[in-house]
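Text of the file final.txt, holding compact mmCIF, C-alpha atoms and all ligand atoms:
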# COMPACT_ATOMS: atom_id res chain seq x y z
CA MET A 175 24.61 20.31 152.17
CA THR A 176 26.13 23.34 153.84
CA SER A 177 29.52 24.46 152.63
CA PRO A 178 32.42 23.94 155.00
CA THR A 179 33.31 26.84 157.29
CA ILE A 180 36.48 27.96 158.99
CA THR A 181 36.73 26.69 162.56
CA GLY A 182 40.17 27.95 163.60
CA LEU A 183 43.30 29.87 162.68
CA THR A 184 46.77 29.62 164.18
CA ALA A 185 49.68 31.91 163.34
CA ARG A 186 53.35 31.49 164.20
CA LEU A 187 56.26 33.84 163.58
CA LEU A 188 59.48 32.35 162.24
CA THR A 189 62.70 34.35 161.97
CA ARG A 190 65.87 33.31 160.19
CA PRO A 191 69.18 35.09 159.57
CA LEU A 192 69.97 35.97 155.96
CA THR A 193 73.01 34.11 154.66
CA ARG A 194 73.94 37.22 152.66
CA ALA A 195 72.83 40.43 154.39
CA TRP A 196 70.66 42.73 152.28
CA GLY A 197 72.57 45.76 153.60
CA GLU A 198 73.46 47.22 156.99
CA THR A 199 69.96 46.97 158.42
CA VAL A 200 68.51 43.88 156.76
CA ARG A 201 70.11 40.82 158.32
CA GLU A 202 67.15 38.50 158.89
CA MET A 203 63.85 37.55 157.37
CA HIS A 204 60.45 36.84 158.85
CA VAL A 205 57.67 34.47 157.83
CA ILE A 206 54.35 34.02 159.63
CA GLU A 207 52.92 30.55 159.15
CA VAL A 208 49.11 30.54 159.03
CA VAL A 209 47.13 27.33 159.45
CA VAL A 210 43.39 27.46 158.83
CA SER A 211 41.22 24.57 160.03
CA VAL A 212 37.84 23.80 158.52
CA SER A 213 34.57 22.17 159.70
CA ASP A 214 35.01 19.13 157.43
CA GLY A 215 38.20 18.17 159.27
CA THR A 216 40.54 19.52 156.58
CA SER A 217 43.09 22.32 156.96
CA GLY A 218 45.40 24.45 154.85
CA THR A 219 48.78 26.06 155.43
CA GLY A 220 49.65 29.49 154.10
CA PHE A 221 51.99 32.24 155.14
CA SER A 222 52.41 35.95 155.52
CA TRP A 223 55.84 37.45 154.92
CA THR A 224 57.64 40.70 155.44
CA PRO A 225 61.42 40.76 155.28
CA THR A 226 62.08 43.46 157.89
CA ILE A 227 59.26 45.74 158.97
CA GLY A 228 56.11 44.67 160.78
CA PRO A 229 56.19 40.89 161.32
CA THR A 230 54.89 41.13 164.88
CA ALA A 231 52.21 43.60 163.75
CA VAL A 232 51.08 41.09 161.09
CA LEU A 233 51.01 38.35 163.73
CA ALA A 234 48.91 40.59 166.01
CA LEU A 235 46.47 41.43 163.19
CA LEU A 236 46.03 37.73 162.45
CA GLU A 237 45.43 36.82 166.09
CA ARG A 238 43.40 39.84 167.20
CA ASP A 239 41.45 40.94 164.12
CA VAL A 240 41.49 38.20 161.48
CA ARG A 241 40.86 35.02 163.45
CA GLY A 242 37.64 36.21 165.11
CA PHE A 243 36.27 37.44 161.79
CA VAL A 244 37.02 34.40 159.64
CA VAL A 245 35.85 31.69 162.07
CA GLY A 246 32.36 30.61 161.03
CA ARG A 247 32.76 31.97 157.48
CA PRO A 248 33.04 29.91 154.25
CA ALA A 249 36.39 28.22 153.68
CA GLU A 250 36.53 29.54 150.13
CA ALA A 251 39.18 32.10 149.22
CA ALA A 252 37.29 34.14 146.62
CA THR A 253 34.19 34.37 148.83
CA LEU A 254 36.08 35.34 151.97
CA TRP A 255 38.56 37.82 150.46
CA PRO A 256 36.35 40.90 149.82
CA ASP A 257 34.58 40.57 153.18
CA LEU A 258 37.83 40.26 155.11
CA TRP A 259 39.32 43.19 153.18
CA ALA A 260 36.33 45.37 154.03
CA HIS A 261 36.59 44.30 157.68
CA LEU A 262 40.27 45.27 157.97
CA HIS A 263 40.01 48.41 155.85
CA GLU A 264 39.99 50.79 158.82
CA ALA A 265 43.63 49.81 159.47
CA GLY A 266 44.62 50.55 155.88
CA SER A 267 43.53 49.32 152.46
CA GLY A 268 46.87 47.59 151.93
CA GLY A 269 50.22 46.89 153.49
CA LEU A 270 50.12 45.13 156.84
CA THR A 271 46.43 44.32 156.36
CA THR A 272 46.85 42.64 152.97
CA ILE A 273 50.06 40.92 154.13
CA ALA A 274 48.05 39.40 156.99
CA MET A 275 45.23 38.49 154.60
CA ALA A 276 47.65 36.59 152.38
CA GLY A 277 48.25 34.05 155.13
CA VAL A 278 44.56 33.15 155.15
CA ASP A 279 44.13 33.29 151.37
CA LEU A 280 47.13 31.04 150.74
CA ALA A 281 45.95 28.59 153.40
CA LEU A 282 42.55 28.34 151.68
CA TRP A 283 44.19 27.80 148.27
CA ASP A 284 46.43 25.15 149.82
CA ARG A 285 43.37 23.38 151.24
CA ALA A 286 41.42 23.63 147.96
CA ALA A 287 44.29 22.21 145.93
CA THR A 288 44.94 19.46 148.46
CA LEU A 289 41.26 18.47 148.38
CA ALA A 290 41.40 18.37 144.58
CA GLY A 291 44.53 16.20 144.78
CA GLN A 292 46.41 18.75 142.69
CA SER A 293 49.24 21.21 143.02
CA VAL A 294 48.10 24.84 143.01
CA THR A 295 49.67 25.18 139.54
CA ASP A 296 47.55 22.30 138.23
CA LEU A 297 44.44 23.63 139.96
CA LEU A 298 44.96 26.98 138.20
CA GLY A 299 45.81 25.24 134.93
CA ARG A 300 49.43 24.44 134.21
CA ARG A 301 50.48 26.06 130.94
CA HIS A 302 54.28 25.72 131.10
CA GLU A 303 56.59 22.96 132.24
CA SER A 304 59.20 25.54 133.26
CA ALA A 305 59.68 29.29 133.56
CA PRO A 306 62.81 31.42 133.07
CA VAL A 307 64.59 32.64 136.20
CA TYR A 308 66.63 35.79 136.57
CA GLY A 309 69.29 36.26 139.20
CA SER A 310 68.45 39.16 141.48
CA GLY A 311 70.97 40.74 143.79
CA VAL A 312 70.37 42.88 146.88
CA ASN A 313 73.86 44.13 146.27
CA LEU A 314 74.14 47.92 146.40
CA HIS A 315 76.62 47.47 149.28
CA TYR A 316 78.76 44.97 147.36
CA THR A 317 82.15 46.10 146.07
CA LEU A 318 82.58 46.15 142.30
CA ASP A 319 84.54 42.88 142.55
CA GLU A 320 81.86 41.23 144.69
CA LEU A 321 79.21 42.41 142.23
CA ALA A 322 81.06 41.03 139.21
CA ALA A 323 81.64 37.73 141.04
CA GLN A 324 77.89 37.49 141.74
CA ALA A 325 77.12 38.08 138.05
CA GLU A 326 79.58 35.32 137.19
CA ARG A 327 77.72 32.93 139.51
CA TRP A 328 74.46 33.78 137.71
CA VAL A 329 76.04 33.08 134.34
CA ALA A 330 77.43 29.78 135.65
CA ALA A 331 73.96 28.88 136.98
CA GLY A 332 72.52 29.28 133.49
CA TYR A 333 70.33 32.32 134.16
CA ALA A 334 69.22 34.18 131.05
CA GLY A 335 69.00 37.48 132.89
CA ALA A 336 70.08 39.38 135.98
CA LYS A 337 69.02 42.40 138.00
CA ILE A 338 71.26 44.58 140.14
CA LYS A 339 70.68 47.50 142.47
CA VAL A 340 71.51 51.05 141.47
CA GLY A 341 71.26 54.34 143.34
CA LYS A 342 74.78 55.05 144.55
CA GLN A 343 75.45 58.57 145.77
CA ASP A 344 77.65 59.13 142.73
CA LEU A 345 76.00 58.24 139.40
CA ALA A 346 79.43 57.46 137.91
CA GLU A 347 79.64 54.54 140.33
CA ASP A 348 76.32 53.17 139.07
CA VAL A 349 77.62 53.48 135.51
CA ASP A 350 80.76 51.50 136.42
CA ARG A 351 78.73 48.79 138.15
CA VAL A 352 76.18 48.38 135.36
CA ALA A 353 79.01 48.34 132.80
CA ALA A 354 80.86 45.65 134.77
CA VAL A 355 77.80 43.42 135.04
CA ARG A 356 76.93 43.90 131.35
CA ASP A 357 80.49 42.85 130.61
CA VAL A 358 80.07 39.63 132.58
CA LEU A 359 76.62 38.89 131.11
CA GLY A 360 77.66 39.51 127.53
CA PRO A 361 75.34 40.99 124.91
CA ARG A 362 72.63 38.26 124.89
CA ARG A 363 71.64 37.88 128.52
CA ARG A 364 69.04 40.32 129.83
CA LEU A 365 70.01 43.03 132.31
CA MET A 366 67.62 44.88 134.61
CA ILE A 367 68.33 47.54 137.23
CA ASP A 368 66.46 48.37 140.44
CA ALA A 369 66.70 51.73 142.22
CA ASN A 370 64.36 50.79 145.10
CA GLN A 371 62.64 54.22 145.06
CA ARG A 372 65.88 56.14 145.66
CA TRP A 373 65.55 58.84 142.99
CA ASP A 374 63.44 61.87 142.25
CA LEU A 375 62.32 62.68 138.73
CA PRO A 376 65.33 64.73 137.56
CA THR A 377 67.76 62.18 139.02
CA ALA A 378 65.90 59.31 137.38
CA ARG A 379 66.03 61.04 134.01
CA ARG A 380 69.74 61.76 134.38
CA ALA A 381 70.51 58.20 135.52
CA THR A 382 68.49 56.66 132.70
CA ALA A 383 70.35 58.78 130.15
CA ALA A 384 73.67 57.55 131.57
CA LEU A 385 72.67 53.87 131.87
CA GLU A 386 70.40 53.09 128.92
CA ARG A 387 73.37 52.36 126.64
CA TYR A 388 73.81 49.05 128.54
CA ASP A 389 70.65 47.65 126.92
CA LEU A 390 68.38 47.48 129.94
CA ASP A 391 65.22 45.35 129.88
CA TRP A 392 63.72 47.51 132.60
CA ILE A 393 64.41 50.05 135.28
CA GLU A 394 62.63 49.15 138.51
CA GLU A 395 61.19 51.55 141.08
CA PRO A 396 63.23 54.60 140.11
CA LEU A 397 60.77 56.81 142.09
CA ARG A 398 58.69 56.44 145.25
CA ALA A 399 56.11 53.74 144.54
CA ASP A 400 53.31 56.19 145.43
CA ASP A 401 54.41 58.79 142.87
CA THR A 402 52.01 57.97 140.05
CA TRP A 403 52.37 61.42 138.49
CA GLY A 404 56.16 61.14 138.55
CA TYR A 405 56.11 57.70 136.90
CA SER A 406 53.77 58.97 134.22
CA GLN A 407 56.09 61.90 133.51
CA LEU A 408 59.19 59.73 133.53
CA ARG A 409 57.70 57.07 131.27
CA SER A 410 56.78 59.65 128.64
CA SER A 411 60.35 60.98 128.57
CA ILE A 412 62.53 57.83 128.49
CA ASP A 413 62.77 54.71 126.32
CA VAL A 414 63.72 52.16 128.99
CA PRO A 415 60.63 50.25 130.21
CA LEU A 416 59.51 51.00 133.77
CA ALA A 417 58.83 48.19 136.25
CA LEU A 418 57.02 48.61 139.54
CA GLY A 419 54.46 47.02 141.80
CA GLU A 420 56.25 45.33 144.69
CA ASN A 421 55.14 48.20 146.93
CA CYS A 422 51.60 48.44 145.56
CA HIS A 423 49.04 46.56 147.60
CA THR A 424 45.65 46.80 145.93
CA ILE A 425 44.19 46.19 142.48
CA GLN A 426 42.90 49.77 142.54
CA ARG A 427 46.46 51.01 142.92
CA PHE A 428 47.56 48.93 139.91
CA ARG A 429 44.53 50.13 137.93
CA ASP A 430 45.44 53.77 138.60
CA LEU A 431 49.08 53.25 137.57
CA ILE A 432 47.96 51.59 134.35
CA ALA A 433 45.35 54.30 133.67
CA ALA A 434 48.07 56.94 134.13
CA ALA A 435 50.33 55.16 131.59
CA ALA A 436 52.90 54.99 134.38
CA VAL A 437 54.19 51.40 134.11
CA ASP A 438 55.39 48.82 131.54
CA ILE A 439 56.12 45.75 133.68
CA VAL A 440 53.75 45.06 136.54
CA GLN A 441 55.35 43.41 139.58
CA PRO A 442 52.82 42.35 142.20
CA ASN A 443 54.12 40.55 145.26
CA VAL A 444 51.64 37.72 145.86
CA VAL A 445 51.81 38.14 149.64
CA ARG A 446 51.75 41.93 149.80
CA VAL A 447 48.63 42.15 147.62
CA GLY A 448 46.80 39.67 149.85
CA GLY A 449 47.33 36.26 148.30
CA ILE A 450 46.61 34.32 145.12
CA THR A 451 43.01 35.60 144.81
CA PRO A 452 43.95 39.29 144.24
CA TYR A 453 47.19 38.34 142.45
CA LEU A 454 45.22 36.59 139.70
CA ALA A 455 42.96 39.63 139.27
CA ILE A 456 45.95 41.99 139.04
CA ASP A 457 47.65 39.63 136.58
CA SER A 458 44.53 39.64 134.36
CA LEU A 459 44.17 43.41 134.60
CA ALA A 460 47.76 43.97 133.52
CA ARG A 461 47.64 41.49 130.66
CA ALA A 462 44.36 42.99 129.41
CA HIS A 463 46.34 46.21 129.00
CA SER A 464 49.12 44.46 127.06
CA LEU A 465 51.53 44.83 129.97
CA SER A 466 53.81 42.07 131.11
CA VAL A 467 53.80 40.74 134.66
CA ALA A 468 56.93 39.81 136.58
CA PRO A 469 56.03 38.67 140.11
CA HIS A 470 58.19 40.05 142.91
CA LEU A 471 60.35 37.63 144.93
CA LEU A 472 59.08 34.49 146.70
CA PRO A 473 60.23 32.21 143.85
CA GLU A 474 58.89 29.02 145.45
CA LEU A 475 55.37 30.51 145.30
CA SER A 476 55.60 33.05 142.44
CA GLY A 477 57.12 30.35 140.23
CA GLN A 478 54.05 28.15 140.68
CA LEU A 479 51.89 31.05 139.47
CA ALA A 480 54.26 31.72 136.56
CA LEU A 481 53.77 28.14 135.36
CA ALA A 482 50.03 28.86 135.06
CA ALA A 483 50.44 32.29 133.43
CA PRO A 484 49.18 32.75 129.87
CA VAL A 485 52.61 33.80 128.57
CA GLU A 486 56.16 33.06 129.66
CA THR A 487 56.85 34.94 132.90
CA TRP A 488 60.11 35.71 134.67
CA VAL A 489 60.69 34.25 138.14
CA GLU A 490 62.93 36.34 140.43
CA ASP A 491 65.52 34.50 142.50
CA VAL A 492 67.56 36.40 145.06
CA GLU A 493 70.78 34.54 145.75
CA ASP A 494 70.63 32.34 148.85
CA ALA A 495 67.30 33.81 149.99
CA SER A 496 64.72 31.14 149.18
CA PHE A 497 62.66 29.85 152.12
CA ASP A 498 64.28 26.48 151.70
CA HIS A 499 67.80 27.91 151.74
CA LEU A 500 67.09 30.02 154.83
CA GLY A 501 65.77 27.03 156.76
CA PHE A 502 62.13 28.07 157.05
CA LEU A 503 60.83 24.78 155.67
CA ALA A 504 60.46 21.36 157.22
CA ALA A 505 60.88 19.87 153.74
CA PRO A 506 61.54 21.30 150.28
CA THR A 507 58.45 22.58 148.42
CA GLY A 508 59.21 20.52 145.32
CA ALA A 509 60.20 23.66 143.40
CA THR A 510 63.59 23.53 141.70
CA ILE A 511 65.74 25.93 139.71
CA VAL A 512 68.03 24.06 137.34
CA ASP A 513 69.86 25.50 134.33
CA GLY A 514 68.10 28.81 134.82
CA ARG A 515 64.59 27.32 134.68
CA PHE A 516 62.01 27.05 137.47
CA ARG A 517 60.06 23.82 137.75
CA SER A 518 57.68 22.63 140.39
CA GLY A 519 56.43 19.21 141.33
CA THR A 520 52.88 17.98 141.35
CA ARG A 521 52.47 17.36 145.07
CA PRO A 522 48.93 18.42 146.12
CA GLY A 523 48.55 21.87 147.65
CA LEU A 524 50.99 24.76 147.84
CA GLY A 525 53.84 22.61 149.11
CA PHE A 526 54.85 24.77 152.07
CA GLY A 527 55.43 22.96 155.36
CA PHE A 528 57.26 25.10 157.90
CA ALA A 529 59.96 24.01 160.30
CA PRO A 530 58.71 23.35 163.82
CA ASP A 531 61.27 25.39 165.71
CA ASN A 532 61.82 29.11 165.95
CA ARG A 533 65.13 30.40 167.17
CA LEU A 534 64.88 33.58 169.22
CA GLU A 535 66.00 36.79 167.56
CA GLN A 536 68.76 37.30 170.13
CA ASP A 537 70.36 34.08 168.88
CA PHE A 538 71.31 36.00 165.74
CA ALA A 539 72.70 39.10 167.43
MG MG B 601 62.69 45.62 143.48
Please express what this file holds, its structure, as structure tokens.
Amino acid sequence: MTSPTITGLTARLLTRPLTRAWGETVREMHVIEVVVSVSDGTSGTGFSWTPTIGPTAVLALLERDVRGFVVGRPAEAATLWPDLWAHLHEAGSGGLTTIAMAGVDLALWDRAATLAGQSVTDLLGRRHESAPVYGSGVNLHYTLDELAAQAERWVAAGYAGAKIKVGKQDLAEDVDRVAAVRDVLGPRRRLMIDANQRWDLPTARRATAALERYDLDWIEEPLRADDTWGYSQLRSSIDVPLALGENCHTIQRFRDLIAAAAVDIVQPNVVRVGGITPYLAIDSLARAHSLSVAPHLLPELSGQLALAAPVETWVEDVEDASFDHLGFLAAPTGATIVDGRFRSGTRPGLGFGFAPDNRLEQDFA
């Protein structure tokens, strides 16, 4: 019996306005639905995702360079992944290429789980009934009052931890904001900060010295994500754990960061690394080095992976930014966040069915 092969791939760009803007320039989000059809009559639905930059480029890669390569090849994620990666490598080892690849990889995992009659979590091996969620705010542009009010909503929602943006022009402002949020959270809830690559090494050291007194679980992306040397230097000179990975796209990149003793909490984004297949390898690599893994964003998908992780794993939830909330989905995935815990249902597959319509971008202007 020959193994089933891919017979077709369709990709569709969906754009939705953000309910709460992520700053002056980030007012909408993009998802590219990817449906892969297979010779045995089955199909799977996955997606690529990039909040702001490159959604039409990802769509073009899928239609011009991915579809023609995958048709006729085995409908098995782990078999296809390295060949497709090698094929796309000329356009970059990661980034837009791996984001495009994720659509295919997720579609194949969706199909495999559906065929097995299991959710992806159960196919991977469900180890937890729930996972802890932290409230994450894209809130550097919020006033101090707006920031404190957001932290109060997280406390009311039962979250055991929260993460806020730092990197104001004036460090004293960051100190005031972190102090205010710590005040709202109280001493027991966890507090993390995220600089989104805004600092250089001296600034990061100075900021850490000013902020560490607020009992920080981690400081995220203080430096450019590419600055392995800088992270290594910083980590050896501060006591606050360093988190990064959302802007790292290959397992080799993660390996090099780990080898350079440059990271404490590894944060792969399941779409940016190319799907569940490479995510699982990165997760294993990190845990083999006694590092914790905290997947970046996409709670409705990352949460399903967290439920199959060997140890309890944080799920990141940005307020009002889930696919369901933004209207990307035809029906809820079955994932819920209640009392600060993520749970997901047992419906077969990945659970993502995308809404049929796409409003034009000018509708949001
Ligand atoms: Mg971040």
Fewer than 4 positions away in the same chain doesn't count, so skip those; otherwise give me all residues within 10 Å of stretch 176-180 of chain A, counting all atoms listed in the file, as a list of chain:residue names. A:Val210, A:Ser211, A:Val212, A:Ser213, A:Asp214, A:Gly215, A:Thr216, A:Ser217, A:Arg241, A:Phe243, A:Val244, A:Val245, A:Gly246, A:Arg247, A:Pro248, A:Ala249, A:Glu250, A:Leu282
Each residue of chain A lying at most 7 Å from ligand MG 601 (chain B) should get a row with its shortest atom-to-atom pair and the distance in Å to one decimal, counting all atoms listed in the file; could you produce that, ordered by chain and increasing number, as JSON lines?
{"residue": "A:Asp368", "atom": "CA", "partner": "B:MG601", "partner_atom": "MG", "distance": 5.6}
{"residue": "A:Asn370", "atom": "CA", "partner": "B:MG601", "partner_atom": "MG", "distance": 5.7}
{"residue": "A:Glu394", "atom": "CA", "partner": "B:MG601", "partner_atom": "MG", "distance": 6.1}
{"residue": "A:Glu395", "atom": "CA", "partner": "B:MG601", "partner_atom": "MG", "distance": 6.6}
{"residue": "A:Glu420", "atom": "CA", "partner": "B:MG601", "partner_atom": "MG", "distance": 6.6}
Looking at A:Leu345, A:Pro376, A:Trp392, A:Ile432, which one is nearest to A:Leu408, with distances taken over only C-alpha atoms? A:Pro376
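Among A:Asp350, A:Gly448, A:Ala252, A:Gly335, the residue with the shortest atom-to-atom distance to A:Thr271, counting only C-alpha atoms, is A:Gly448.
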What is the distance between atom CA of A:Pro522 and atom CA of A:Val294, in Å to one decimal?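 If I compute the distance from atom CA of A:Pro522 to atom CA of A:Val294, I get 7.2 Å.
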Pick out the residues sitting within 6 Å of A:Ala417, and hand them over as a PyMOL selection string; count only C-alpha atoms, and ignore anything fewer than 6 positions along from it in its own chain. chain A and resi 393-394+438-440
Can you work out the spacing between atom CA of A:Thr224 and atom CA of A:Met366 in Å, to one decimal?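 Those two atoms sit 23.5 Å apart.
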Near A:His423, within 8 Å and counting all atoms listed in the file, which residues show up once chain neighbours fewer than 5 positions away are dropped, as a PDB file with C-alpha atoms, in the frame of the given file?
ATOM      1  CA  SER A 267      43.530  49.320 152.460  1.00  0.00           C
ATOM      2  CA  GLY A 268      46.870  47.590 151.930  1.00  0.00           C
ATOM      3  CA  GLY A 269      50.220  46.890 153.490  1.00  0.00           C
ATOM      4  CA  THR A 272      46.850  42.640 152.970  1.00  0.00           C
ATOM      5  CA  PRO A 442      52.820  42.350 142.200  1.00  0.00           C
ATOM      6  CA  ARG A 446      51.750  41.930 149.800  1.00  0.00           C
ATOM      7  CA  VAL A 447      48.630  42.150 147.620  1.00  0.00           C
ATOM      8  CA  GLY A 448      46.800  39.670 149.850  1.00  0.00           C
TER       9      GLY A 448
END
Would you mind exporting stretch 399-410 of chain A with N, CA, C and O atoms, as a tab-separated table (two decimals), in the first residue's frame?
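Written out: out-v1.tsv:
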chain	number	residue	atom	x	y	z
A	399	ALA	N	17.33	40.20	19.14
A	399	ALA	CA	17.27	38.73	19.24
A	399	ALA	C	18.47	38.05	18.59
A	399	ALA	O	18.79	36.91	18.90
A	400	ASP	N	19.16	38.73	17.69
A	400	ASP	CA	20.31	38.15	17.00
A	400	ASP	C	21.61	38.28	17.80
A	400	ASP	O	22.63	37.72	17.42
A	401	ASP	N	21.57	39.02	18.89
A	401	ASP	CA	22.80	39.39	19.60
A	401	ASP	C	23.19	38.32	20.63
A	401	ASP	O	23.13	38.54	21.84
A	402	THR	N	23.60	37.17	20.13
A	402	THR	CA	23.95	36.06	21.02
A	402	THR	C	25.06	36.46	22.00
A	402	THR	O	24.98	36.17	23.20
A	403	TRP	N	26.08	37.11	21.49
A	403	TRP	CA	27.20	37.54	22.34
A	403	TRP	C	26.68	38.46	23.46
A	403	TRP	O	27.03	38.29	24.64
A	404	GLY	N	25.85	39.42	23.09
A	404	GLY	CA	25.30	40.35	24.07
A	404	GLY	C	24.50	39.64	25.16
A	404	GLY	O	24.63	39.93	26.35
A	405	TYR	N	23.66	38.68	24.74
A	405	TYR	CA	22.86	37.93	25.73
A	405	TYR	C	23.76	37.13	26.67
A	405	TYR	O	23.51	37.05	27.87
A	406	SER	N	24.81	36.57	26.11
A	406	SER	CA	25.73	35.79	26.92
A	406	SER	C	26.41	36.68	27.96
A	406	SER	O	26.53	36.31	29.15
A	407	GLN	N	26.83	37.86	27.51
A	407	GLN	CA	27.45	38.82	28.44
A	407	GLN	C	26.47	39.27	29.51
A	407	GLN	O	26.79	39.31	30.70
A	408	LEU	N	25.27	39.60	29.07
A	408	LEU	CA	24.26	40.11	30.01
A	408	LEU	C	23.91	39.05	31.04
A	408	LEU	O	23.85	39.33	32.25
A	409	ARG	N	23.71	37.82	30.57
A	409	ARG	CA	23.27	36.75	31.49
A	409	ARG	C	24.32	36.49	32.56
A	409	ARG	O	23.98	36.18	33.71
A	410	SER	N	25.59	36.66	32.21
A	410	SER	CA	26.64	36.40	33.21
A	410	SER	C	26.77	37.54	34.21
A	410	SER	O	27.47	37.40	35.21
